[in-house]
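K.L.:
Structure supplied as query.cif; contents: mmCIF, C-alpha atoms.
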data_structure
#
loop_
_atom_site.group_PDB
_atom_site.id
_atom_site.type_symbol
_atom_site.label_atom_id
_atom_site.label_comp_id
_atom_site.auth_asym_id
_atom_site.auth_seq_id
_atom_site.Cartn_x
_atom_site.Cartn_y
_atom_site.Cartn_z
ATOM 1 C CA MET A 1 -17.690 -22.493 -1.106
ATOM 2 C CA LYS A 2 -21.411 -21.915 -0.800
ATOM 3 C CA LYS A 3 -22.875 -20.644 -4.066
ATOM 4 C CA TYR A 4 -24.723 -17.324 -4.092
ATOM 5 C CA GLU A 5 -26.697 -16.713 -7.244
ATOM 6 C CA TYR A 6 -28.762 -13.654 -8.074
ATOM 7 C CA THR A 7 -31.375 -12.769 -10.653
ATOM 8 C CA GLU A 8 -31.362 -8.992 -10.290
ATOM 9 C CA SER A 9 -29.243 -6.077 -9.158
ATOM 10 C CA LYS A 10 -30.550 -3.099 -7.197
ATOM 11 C CA ASP A 11 -29.162 -0.176 -5.233
ATOM 12 C CA THR A 12 -29.249 -0.426 -1.457
ATOM 13 C CA ARG A 13 -30.930 2.993 -1.185
ATOM 14 C CA SER A 14 -33.951 1.455 -2.945
ATOM 15 C CA GLY A 15 -34.012 -1.173 -0.202
ATOM 16 C CA PHE A 16 -34.312 1.675 2.283
ATOM 17 C CA GLY A 17 -37.102 3.220 0.195
ATOM 18 C CA ALA A 18 -39.019 -0.066 0.177
ATOM 19 C CA GLY A 19 -38.516 -0.468 3.909
ATOM 20 C CA ILE A 20 -39.697 2.979 4.920
ATOM 21 C CA ALA A 21 -42.684 2.677 2.571
ATOM 22 C CA GLU A 22 -43.687 -0.495 4.422
ATOM 23 C CA LEU A 23 -43.198 1.247 7.768
ATOM 24 C CA GLY A 24 -45.462 4.020 6.556
ATOM 25 C CA ARG A 25 -48.247 1.473 6.224
ATOM 26 C CA THR A 26 -47.600 -0.405 9.466
ATOM 27 C CA ASN A 27 -46.178 2.072 11.996
ATOM 28 C CA PRO A 28 -48.069 5.367 12.426
ATOM 29 C CA LYS A 29 -45.269 6.796 14.583
ATOM 30 C CA VAL A 30 -42.736 6.851 11.723
ATOM 31 C CA VAL A 31 -42.023 10.287 10.242
ATOM 32 C CA ALA A 32 -39.686 10.876 7.274
ATOM 33 C CA LEU A 33 -37.544 13.988 7.031
ATOM 34 C CA THR A 34 -35.129 14.981 4.288
ATOM 35 C CA ALA A 35 -32.759 17.798 3.395
ATOM 36 C CA ASP A 36 -33.919 18.454 -0.182
ATOM 37 C CA LEU A 37 -33.143 14.888 -1.299
ATOM 38 C CA ALA A 38 -36.472 13.037 -1.270
ATOM 39 C CA GLY A 39 -35.913 11.498 -4.704
ATOM 40 C CA SER A 40 -32.339 10.412 -4.039
ATOM 41 C CA LEU A 41 -33.406 8.781 -0.770
ATOM 42 C CA LYS A 42 -36.297 6.949 -2.499
ATOM 43 C CA LEU A 43 -38.986 8.524 -0.320
ATOM 44 C CA ASP A 44 -41.542 9.015 -3.109
ATOM 45 C CA THR A 45 -43.858 6.168 -2.109
ATOM 46 C CA PHE A 46 -43.786 7.093 1.573
ATOM 47 C CA ILE A 47 -44.562 10.730 0.762
ATOM 48 C CA LYS A 48 -47.407 9.833 -1.602
ATOM 49 C CA GLU A 49 -49.036 7.560 0.956
ATOM 50 C CA ASN A 50 -48.257 9.627 4.078
ATOM 51 C CA PRO A 51 -47.947 13.322 3.131
ATOM 52 C CA GLU A 52 -48.835 14.398 6.669
ATOM 53 C CA ARG A 53 -45.840 12.461 8.033
ATOM 54 C CA PHE A 54 -43.211 13.976 5.763
ATOM 55 C CA VAL A 55 -41.085 17.026 6.585
ATOM 56 C CA GLN A 56 -39.047 18.730 3.849
ATOM 57 C CA CYS A 57 -36.330 20.566 5.759
ATOM 58 C CA GLY A 58 -34.544 21.948 2.725
ATOM 59 C CA ILE A 59 -30.768 22.271 2.542
ATOM 60 C CA ALA A 60 -30.513 22.674 6.308
ATOM 61 C CA GLU A 61 -29.191 19.411 7.699
ATOM 62 C CA ALA A 62 -28.389 20.747 11.172
ATOM 63 C CA ASN A 63 -31.949 21.964 11.531
ATOM 64 C CA MET A 64 -33.228 18.567 10.327
ATOM 65 C CA ILE A 65 -31.387 16.845 13.173
ATOM 66 C CA GLY A 66 -32.823 19.316 15.687
ATOM 67 C CA VAL A 67 -36.351 18.844 14.338
ATOM 68 C CA SER A 68 -35.879 15.066 14.494
ATOM 69 C CA ALA A 69 -34.767 15.223 18.124
ATOM 70 C CA GLY A 70 -37.821 17.323 18.948
ATOM 71 C CA LEU A 71 -40.204 14.930 17.227
ATOM 72 C CA THR A 72 -39.099 12.093 19.510
ATOM 73 C CA ILE A 73 -40.374 14.015 22.535
ATOM 74 C CA GLY A 74 -43.870 13.683 21.117
ATOM 75 C CA GLY A 75 -43.466 9.941 20.622
ATOM 76 C CA HIS A 76 -42.682 10.012 16.907
ATOM 77 C CA ILE A 77 -39.945 7.922 15.279
ATOM 78 C CA PRO A 78 -38.119 10.286 12.921
ATOM 79 C CA PHE A 79 -36.121 8.950 9.973
ATOM 80 C CA ALA A 80 -33.755 11.792 9.003
ATOM 81 C CA THR A 81 -32.425 11.262 5.474
ATOM 82 C CA THR A 82 -29.699 12.797 3.324
ATOM 83 C CA PHE A 83 -26.321 11.908 1.775
ATOM 84 C CA ALA A 84 -23.877 10.253 4.199
ATOM 85 C CA ASN A 85 -21.412 13.132 3.988
ATOM 86 C CA PHE A 86 -24.056 15.631 5.051
ATOM 87 C CA ALA A 87 -25.667 13.241 7.547
ATOM 88 C CA THR A 88 -22.460 12.950 9.578
ATOM 89 C CA GLY A 89 -19.631 15.340 8.717
ATOM 90 C CA ARG A 90 -21.815 18.397 8.314
ATOM 91 C CA VAL A 91 -23.949 17.880 11.430
ATOM 92 C CA TYR A 92 -21.759 15.954 13.859
ATOM 93 C CA ASP A 93 -22.176 18.506 16.641
ATOM 94 C CA GLN A 94 -25.964 18.429 16.389
ATOM 95 C CA ILE A 95 -25.994 14.632 16.402
ATOM 96 C CA ARG A 96 -23.696 14.492 19.412
ATOM 97 C CA GLN A 97 -25.485 17.110 21.472
ATOM 98 C CA SER A 98 -29.146 16.699 20.483
ATOM 99 C CA VAL A 99 -29.383 12.976 19.677
ATOM 100 C CA ALA A 100 -26.628 10.791 21.132
ATOM 101 C CA TYR A 101 -26.115 12.613 24.429
ATOM 102 C CA SER A 102 -29.795 12.428 25.358
ATOM 103 C CA ASN A 103 -30.300 9.028 23.694
ATOM 104 C CA LYS A 104 -33.061 10.296 21.392
ATOM 105 C CA ASN A 105 -34.923 7.783 19.218
ATOM 106 C CA VAL A 106 -33.700 9.296 15.931
ATOM 107 C CA LYS A 107 -32.846 7.169 12.883
ATOM 108 C CA ILE A 108 -30.190 8.831 10.717
ATOM 109 C CA CYS A 109 -30.458 7.178 7.312
ATOM 110 C CA ALA A 110 -27.622 8.014 4.946
ATOM 111 C CA SER A 111 -27.299 7.255 1.249
ATOM 112 C CA HIS A 112 -24.448 7.774 -1.239
ATOM 113 C CA ALA A 113 -21.797 6.592 1.227
ATOM 114 C CA GLY A 114 -18.218 5.726 0.354
ATOM 115 C CA LEU A 115 -16.382 5.873 -2.966
ATOM 116 C CA THR A 116 -19.222 4.386 -4.968
ATOM 117 C CA LEU A 117 -20.996 7.725 -4.999
ATOM 118 C CA GLY A 118 -18.734 7.999 -8.020
ATOM 119 C CA GLU A 119 -18.505 11.032 -10.257
ATOM 120 C CA ASP A 120 -19.635 13.543 -7.591
ATOM 121 C CA GLY A 121 -16.103 13.338 -6.225
ATOM 122 C CA ALA A 122 -14.252 13.731 -2.947
ATOM 123 C CA THR A 123 -16.402 16.533 -1.510
ATOM 124 C CA HIS A 124 -19.422 14.208 -1.507
ATOM 125 C CA GLN A 125 -17.687 10.868 -0.829
ATOM 126 C CA ILE A 126 -17.333 10.322 2.892
ATOM 127 C CA LEU A 127 -15.004 7.577 4.059
ATOM 128 C CA GLU A 128 -14.930 8.510 7.751
ATOM 129 C CA ASP A 129 -18.599 8.200 8.709
ATOM 130 C CA LEU A 130 -18.586 4.762 10.328
ATOM 131 C CA GLY A 131 -15.724 5.791 12.596
ATOM 132 C CA MET A 132 -17.352 9.079 13.515
ATOM 133 C CA MET A 133 -20.671 7.497 14.356
ATOM 134 C CA LYS A 134 -19.411 4.430 16.211
ATOM 135 C CA MET A 135 -17.500 6.678 18.623
ATOM 136 C CA LEU A 136 -20.737 8.292 19.841
ATOM 137 C CA PRO A 137 -22.160 6.709 22.995
ATOM 138 C CA ASN A 138 -25.661 5.222 22.537
ATOM 139 C CA MET A 139 -25.342 5.157 18.725
ATOM 140 C CA VAL A 140 -26.053 1.939 16.797
ATOM 141 C CA VAL A 141 -24.204 1.766 13.454
ATOM 142 C CA ILE A 142 -25.447 -0.457 10.602
ATOM 143 C CA ASN A 143 -23.996 -0.990 7.103
ATOM 144 C CA PRO A 144 -26.064 -3.593 5.160
ATOM 145 C CA CYS A 145 -24.840 -5.483 2.106
ATOM 146 C CA ASP A 146 -27.639 -5.473 -0.493
ATOM 147 C CA TYR A 147 -31.223 -4.396 -1.272
ATOM 148 C CA ASN A 148 -32.900 -7.123 0.789
ATOM 149 C CA GLN A 149 -30.727 -6.636 3.846
ATOM 150 C CA THR A 150 -31.154 -2.850 3.703
ATOM 151 C CA LYS A 151 -34.937 -3.212 3.609
ATOM 152 C CA ALA A 152 -34.837 -5.647 6.524
ATOM 153 C CA ALA A 153 -32.543 -3.344 8.508
ATOM 154 C CA THR A 154 -34.858 -0.380 7.894
ATOM 155 C CA LEU A 155 -37.755 -2.319 9.369
ATOM 156 C CA ALA A 156 -35.651 -3.487 12.314
ATOM 157 C CA ILE A 157 -34.376 -0.079 13.397
ATOM 158 C CA ALA A 158 -37.930 1.216 13.799
ATOM 159 C CA GLU A 159 -38.331 -1.344 16.597
ATOM 160 C CA HIS A 160 -35.066 -0.360 18.290
ATOM 161 C CA GLU A 161 -35.341 2.307 20.986
ATOM 162 C CA GLY A 162 -32.451 4.751 20.609
ATOM 163 C CA PRO A 163 -30.361 6.500 17.965
ATOM 164 C CA VAL A 164 -29.274 4.599 14.853
ATOM 165 C CA TYR A 165 -27.003 5.405 11.917
ATOM 166 C CA LEU A 166 -28.037 3.361 8.857
ATOM 167 C CA ARG A 167 -25.608 3.587 5.920
ATOM 168 C CA PHE A 168 -26.383 2.570 2.335
ATOM 169 C CA GLY A 169 -25.384 3.465 -1.196
ATOM 170 C CA ARG A 170 -26.055 4.544 -4.736
ATOM 171 C CA PRO A 171 -24.625 1.805 -7.025
ATOM 172 C CA VAL A 172 -26.593 -1.119 -8.375
ATOM 173 C CA ILE A 173 -25.223 -4.380 -6.925
ATOM 174 C CA PRO A 174 -26.369 -8.032 -6.881
ATOM 175 C CA VAL A 175 -29.284 -8.928 -4.589
ATOM 176 C CA PHE A 176 -28.113 -12.133 -2.930
ATOM 177 C CA SER A 177 -29.358 -12.180 0.666
ATOM 178 C CA PRO A 178 -32.752 -13.741 1.501
ATOM 179 C CA ALA A 179 -35.832 -11.621 0.818
ATOM 180 C CA ASP A 180 -37.548 -12.966 3.941
ATOM 181 C CA GLN A 181 -34.618 -12.506 6.314
ATOM 182 C CA LYS A 182 -35.088 -11.408 9.913
ATOM 183 C CA PHE A 183 -32.535 -8.676 10.584
ATOM 184 C CA GLU A 184 -30.985 -8.862 14.042
ATOM 185 C CA ILE A 185 -29.098 -5.778 15.183
ATOM 186 C CA GLY A 186 -25.665 -6.813 16.450
ATOM 187 C CA LYS A 187 -25.846 -10.362 15.066
ATOM 188 C CA ALA A 188 -23.398 -11.146 12.244
ATOM 189 C CA TRP A 189 -24.356 -13.305 9.254
ATOM 190 C CA THR A 190 -22.110 -16.253 8.349
ATOM 191 C CA VAL A 191 -22.081 -16.145 4.554
ATOM 192 C CA ASN A 192 -19.748 -19.121 4.156
ATOM 193 C CA GLU A 193 -18.040 -21.542 6.537
ATOM 194 C CA GLY A 194 -14.352 -22.313 6.147
ATOM 195 C CA SER A 195 -11.333 -23.170 8.255
ATOM 196 C CA ASP A 196 -8.347 -21.484 6.574
ATOM 197 C CA VAL A 197 -8.980 -17.751 6.930
ATOM 198 C CA SER A 198 -11.668 -15.421 8.280
ATOM 199 C CA ILE A 199 -12.972 -12.629 6.033
ATOM 200 C CA PHE A 200 -14.932 -10.017 7.981
ATOM 201 C CA CYS A 201 -16.737 -7.782 5.505
ATOM 202 C CA THR A 202 -19.423 -5.123 5.432
ATOM 203 C CA GLY A 203 -21.580 -3.189 2.974
ATOM 204 C CA HIS A 204 -20.714 -3.388 -0.719
ATOM 205 C CA LEU A 205 -17.579 -5.401 0.082
ATOM 206 C CA VAL A 206 -19.624 -8.451 1.124
ATOM 207 C CA TRP A 207 -20.285 -9.319 -2.524
ATOM 208 C CA GLU A 208 -16.598 -8.800 -3.305
ATOM 209 C CA ALA A 209 -15.761 -11.161 -0.433
ATOM 210 C CA ILE A 210 -18.078 -13.793 -1.897
ATOM 211 C CA LYS A 211 -16.322 -13.523 -5.256
ATOM 212 C CA ALA A 212 -12.954 -13.713 -3.478
ATOM 213 C CA GLY A 213 -14.139 -16.808 -1.627
ATOM 214 C CA GLU A 214 -14.966 -18.522 -4.905
ATOM 215 C CA THR A 215 -11.498 -17.760 -6.266
ATOM 216 C CA LEU A 216 -9.849 -19.005 -3.079
ATOM 217 C CA ALA A 217 -11.941 -22.187 -3.030
ATOM 218 C CA ALA A 218 -10.736 -23.001 -6.543
ATOM 219 C CA GLU A 219 -7.206 -22.862 -5.115
ATOM 220 C CA GLY A 220 -8.070 -25.065 -2.141
ATOM 221 C CA ILE A 221 -8.452 -22.279 0.437
ATOM 222 C CA GLU A 222 -11.703 -22.314 2.398
ATOM 223 C CA ALA A 223 -12.705 -18.915 3.790
ATOM 224 C CA ASP A 224 -14.981 -18.257 6.726
ATOM 225 C CA ILE A 225 -16.888 -15.242 5.372
ATOM 226 C CA ILE A 226 -18.735 -13.183 7.980
ATOM 227 C CA ASN A 227 -20.994 -10.260 7.083
ATOM 228 C CA ILE A 228 -20.580 -7.692 9.862
ATOM 229 C CA HIS A 229 -23.609 -5.583 8.972
ATOM 230 C CA THR A 230 -23.735 -4.060 12.460
ATOM 231 C CA ILE A 231 -20.539 -2.165 13.186
ATOM 232 C CA LYS A 232 -21.829 -1.245 16.644
ATOM 233 C CA PRO A 233 -22.784 -3.161 18.718
ATOM 234 C CA LEU A 234 -20.204 -5.539 17.300
ATOM 235 C CA ASP A 235 -20.805 -9.286 17.309
ATOM 236 C CA GLU A 236 -17.631 -10.125 19.221
ATOM 237 C CA GLU A 237 -18.740 -13.711 19.787
ATOM 238 C CA ALA A 238 -18.956 -14.387 16.038
ATOM 239 C CA ILE A 239 -15.609 -12.716 15.373
ATOM 240 C CA LEU A 240 -13.777 -14.701 18.038
ATOM 241 C CA ALA A 241 -15.428 -18.009 17.122
ATOM 242 C CA SER A 242 -14.290 -17.554 13.534
ATOM 243 C CA ILE A 243 -10.747 -16.453 14.211
ATOM 244 C CA LYS A 244 -10.184 -19.196 16.782
ATOM 245 C CA LYS A 245 -11.113 -21.630 14.021
ATOM 246 C CA THR A 246 -8.960 -20.099 11.266
ATOM 247 C CA GLY A 247 -6.098 -18.380 13.089
ATOM 248 C CA CYS A 248 -5.985 -15.314 10.810
ATOM 249 C CA ALA A 249 -8.278 -12.722 9.265
ATOM 250 C CA VAL A 250 -8.848 -10.126 6.558
ATOM 251 C CA THR A 251 -11.286 -7.245 6.967
ATOM 252 C CA ALA A 252 -12.923 -5.581 3.957
ATOM 253 C CA GLU A 253 -14.845 -2.305 3.884
ATOM 254 C CA GLU A 254 -15.639 0.706 1.704
ATOM 255 C CA HIS A 255 -14.321 3.077 4.345
ATOM 256 C CA MET A 256 -11.122 4.577 5.684
ATOM 257 C CA LEU A 257 -8.983 2.003 7.462
ATOM 258 C CA ASN A 258 -8.627 4.426 10.378
ATOM 259 C CA GLY A 259 -11.763 4.075 12.465
ATOM 260 C CA GLY A 260 -13.595 1.509 10.371
ATOM 261 C CA LEU A 261 -14.569 -2.136 10.709
ATOM 262 C CA GLY A 262 -10.936 -3.241 10.641
ATOM 263 C CA ASP A 263 -10.142 -1.176 13.725
ATOM 264 C CA SER A 264 -13.080 -2.663 15.603
ATOM 265 C CA VAL A 265 -12.158 -6.236 14.691
ATOM 266 C CA ALA A 266 -8.498 -5.658 15.573
ATOM 267 C CA GLN A 267 -9.417 -4.415 19.044
ATOM 268 C CA VAL A 268 -11.522 -7.497 19.750
ATOM 269 C CA VAL A 269 -8.815 -9.845 18.488
ATOM 270 C CA ALA A 270 -5.974 -8.062 20.308
ATOM 271 C CA ARG A 271 -7.832 -8.202 23.622
ATOM 272 C CA ASN A 272 -8.986 -11.790 23.395
ATOM 273 C CA TYR A 273 -7.107 -13.945 20.888
ATOM 274 C CA PRO A 274 -4.130 -12.262 19.161
ATOM 275 C CA ALA A 275 -3.803 -13.362 15.544
ATOM 276 C CA PRO A 276 -2.523 -11.824 12.287
ATOM 277 C CA ILE A 277 -4.918 -9.522 10.430
ATOM 278 C CA GLU A 278 -4.690 -7.754 7.057
ATOM 279 C CA TYR A 279 -7.011 -5.060 5.783
ATOM 280 C CA VAL A 280 -8.855 -4.037 2.626
ATOM 281 C CA GLY A 281 -10.014 -0.423 2.761
ATOM 282 C CA VAL A 282 -8.987 3.113 1.858
ATOM 283 C CA HIS A 283 -5.534 4.146 3.064
ATOM 284 C CA ASP A 284 -5.626 7.645 4.588
ATOM 285 C CA THR A 285 -6.720 9.532 1.486
ATOM 286 C CA PHE A 286 -9.713 11.320 0.039
ATOM 287 C CA GLY A 287 -11.534 9.933 -2.986
ATOM 288 C CA GLU A 288 -11.885 11.484 -6.430
ATOM 289 C CA SER A 289 -14.252 11.580 -9.392
ATOM 290 C CA GLY A 290 -14.757 8.434 -11.441
ATOM 291 C CA THR A 291 -17.192 5.620 -12.006
ATOM 292 C CA PRO A 292 -17.820 3.376 -8.991
ATOM 293 C CA ALA A 293 -16.022 0.487 -10.714
ATOM 294 C CA GLN A 294 -12.995 2.635 -11.532
ATOM 295 C CA LEU A 295 -12.748 3.915 -7.978
ATOM 296 C CA MET A 296 -13.143 0.485 -6.387
ATOM 297 C CA GLU A 297 -10.332 -0.758 -8.627
ATOM 298 C CA LYS A 298 -8.003 2.186 -8.012
ATOM 299 C CA TYR A 299 -8.447 2.180 -4.239
ATOM 300 C CA GLY A 300 -8.100 -1.584 -3.913
ATOM 301 C CA LEU A 301 -11.645 -2.511 -2.879
ATOM 302 C CA THR A 302 -12.115 -5.560 -5.089
ATOM 303 C CA ALA A 303 -12.269 -9.342 -4.832
ATOM 304 C CA GLU A 304 -8.748 -9.499 -6.255
ATOM 305 C CA ASN A 305 -7.421 -7.353 -3.423
ATOM 306 C CA ILE A 306 -9.185 -9.500 -0.847
ATOM 307 C CA VAL A 307 -7.580 -12.609 -2.356
ATOM 308 C CA ALA A 308 -4.143 -10.953 -2.209
ATOM 309 C CA GLN A 309 -4.597 -9.990 1.442
ATOM 310 C CA VAL A 310 -5.790 -13.499 2.299
ATOM 311 C CA LYS A 311 -2.615 -14.993 0.889
ATOM 312 C CA LYS A 312 -0.538 -12.413 2.719
ATOM 313 C CA VAL A 313 -2.154 -13.046 6.079
ATOM 314 C CA MET A 314 -2.019 -16.817 5.675
ATOM 315 C CA SER A 315 1.729 -16.551 5.144
ATOM 316 C CA ARG A 316 1.922 -14.901 8.587
ATOM 317 C CA LYS A 317 -0.126 -17.565 10.342
ATOM 318 C CA LYS A 318 1.798 -19.878 12.632
#
Step by step, read the file and then write its structure as structure tokens.

P.N.:
Amino acid sequence: MKKYEYTESKDTRSGFGAGIAELGRTNPKVVALTADLAGSLKLDTFIKENPERFVQCGIAEANMIGVSAGLTIGGHIPFATTFANFATGRVYDQIRQSVAYSNKNVKICASHAGLTLGEDGATHQILEDLGMMKMLPNMVVINPCDYNQTKAATLAIAEHEGPVYLRFGRPVIPVFSPADQKFEIGKAWTVNEGSDVSIFCTGHLVWEAIKAGETLAAEGIEADIINIHTIKPLDEEAILASIKKTGCAVTAEEHMLNGGLGDSVAQVVARNYPAPIEYVGVHDTFGESGTPAQLMEKYGLTAENIVAQVKKVMSRKK
């Protein structure tokens, strides 16, 4: 098992803040918009350096999406920011009609996704957003794993022509991916090579998959760990190459099992190379209030659960 060490922990939303601050200095077309959440979305540096390219829309997310769509007509690249629940569930109609349908160059950047929003509870924790957004034609969907990858993804989406949903989070997690990485939309990252089982993971669950891989390696099981940071377009080539090598897979995500990464992987495998798959994710339920660690434990989104599912799926492998 390849060793991943880290010297600091940061929240992925700060990676977005660092990325958009850099874009503010290098790309004059970038405009930041927010729905009364500039501090939570780490926009302070961008606003200080580029006050003329910041739009405070207030608690009016639907209007923010409409303003963003309009800005693209003038050649701007709008980054519309708010919590993931409000960025998708509250404004899905506006995104569908004003952004996706006409293929507008809007970047929807959503923080506080998943259970790890924590104590704010079920009304603010969205577990359906990846599914909702990946179903929209023209929409790119990205869910990076740590601070460095989130910053790199933020820079990359400014160069992509078309709508993007970029998902990140609130909790502080290890920074383990390279600081100088080149983020490629739609190109998975092989975190570890192994031949016994494939673990396809995304977002905060990538670090849990790494910890699971270390546990499995100590027991003589070598996992092929693939970071699927781009949910759409999906790197089908990487998925099939891995599962043809290992013969079985586990998917891991901080999202509802219905509509998430697991569904996407299962479709690719079923069409091309049928093999057993098990899943780590939330099972058809809303979240609740609690610390991020408590919620990850209760809802089975930990390294221990990944290890258990690996052993289960390997027992099904022919």

K.L.:
Using all atoms listed in the file, determine which residues lie at most 7 Å from range 147-151 of chain A, disregarding the query and same-chain residues fewer than 2 positions distant; provide the list as a PyMOL selection string.

P.N.:
chain A and resi 10-12+14-16+18-19+144-145+153-155+175+177-179

K.L.:
Fewer than 3 positions away in the same chain doesn't count, so skip those; otherwise give me all residues within 9 Å of Ile59 in chain A, counting all atoms listed in the file, as number ranges by chain.

P.N.:
A: 34-37, 64

K.L.:
Using all atoms listed in the file, which of the listed residues (A:Pro28, A:Gly17, A:Gly89, A:Gly66) sits closest to Phe46 in chain A?

P.N.:
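Looking at the shortest contact to Phe46 in chain A, the residue is A:Gly17.
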
K.L.:
Skip Ile142 in chain A itself and residues of its chain fewer than 2 positions away, then list as a ChimeraX atom specification all residues within 6 Å of it, counting only C-alpha atoms.

P.N.:
/A:166,229-231

K.L.:
Quote the spacing between CA of Ser198 in chain A and CA of Asn227 in chain A in Å to one decimal place.

P.N.:
10.7 Å

K.L.:
Applying 8 Å and only C-alpha atoms, which residues near Ala209 in chain A remain after dropping the ones on its own chain fewer than 5 positions away? List them as a list in words.

P.N.:
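Returned residues: Ile199, Cys201, Ile225, Ala252, Ala303 and Ile306 of chain A.
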
K.L.:
Please indicate the distance in Å from CA of Gly194 in chain A to CA of Lys2 in chain A, rounded to one decimal place.

P.N.:
9.9 Å

K.L.:
Tell me which of A:Gly70, A:Gly162, A:Gly24, A:Gly260 sits closest to Leu43 in chain A, counting all atoms listed in the file.

P.N.:
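When distances to Leu43 in chain A are compared using all atoms listed in the file, the smallest one comes from A:Gly24.
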
K.L.:
So which residues fall inside 12 Å of (2.3, -17.2, 4.8) if we count all atoms listed in the file? Mind giving them as an MDAnalysis selection string?

P.N.:
chainID A and resid 196:197 247:248 276:278 308:318

K.L.:
Tell me which protein, DNA and RNA residues are within 10 Å of Asn50 in chain A, counting all atoms listed in the file, leaving out same-chain ones fewer than 6 positions away, and put them as an NGL selection string.

P.N.:
:A and (21 or 24-25 or 28 or 30-32 or 44)

K.L.:
Check the smallest atom-to-atom distance from each of A:Glu49, A:Asp235, A:Glu288, A:Glu61 to Gly186 in chain A using only C-alpha atoms, then report the winner.

P.N.:
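Distance minimum relative to Gly186 in chain A lands on A:Asp235.
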
K.L.:
If the PyMOL selection byres ((chain A and resi 126) around 6) is run on the structure shown, which residues does it catch, given as a PyMOL selection string?

P.N.:
chain A and resi 85+114+125+127-128

K.L.:
Once the PyMOL selection byres ((chain A and resi 133) around 12) is applied to the coordinates I shared, what remains selected? I want it as JSON, numbers by chain.

P.N.:
{"A": [84, 85, 87, 88, 89, 91, 92, 93, 95, 96, 99, 100, 108, 110, 127, 128, 129, 130, 131, 132, 134, 135, 136, 137, 138, 139, 140, 141, 142, 143, 163, 164, 165, 166, 167, 231, 232, 233, 259, 260, 261]}

K.L.:
Evaluated on this file, the PyMOL selection byres ((chain A and resi 224) around 9) picks out some residues - which ones are they, written as a list in words?

P.N.:
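Applied to this file, the PyMOL selection byres ((chain A and resi 224) around 9) selects Thr190, Val191, Asn192, Glu193, Gly194, Ser195, Asp196, Val197, Ser198, Ile199, Phe200, Gly213, Glu222, Ala223, Ile225, Ile226, Ser242, Ile243, Lys245 and Thr246 of chain A.
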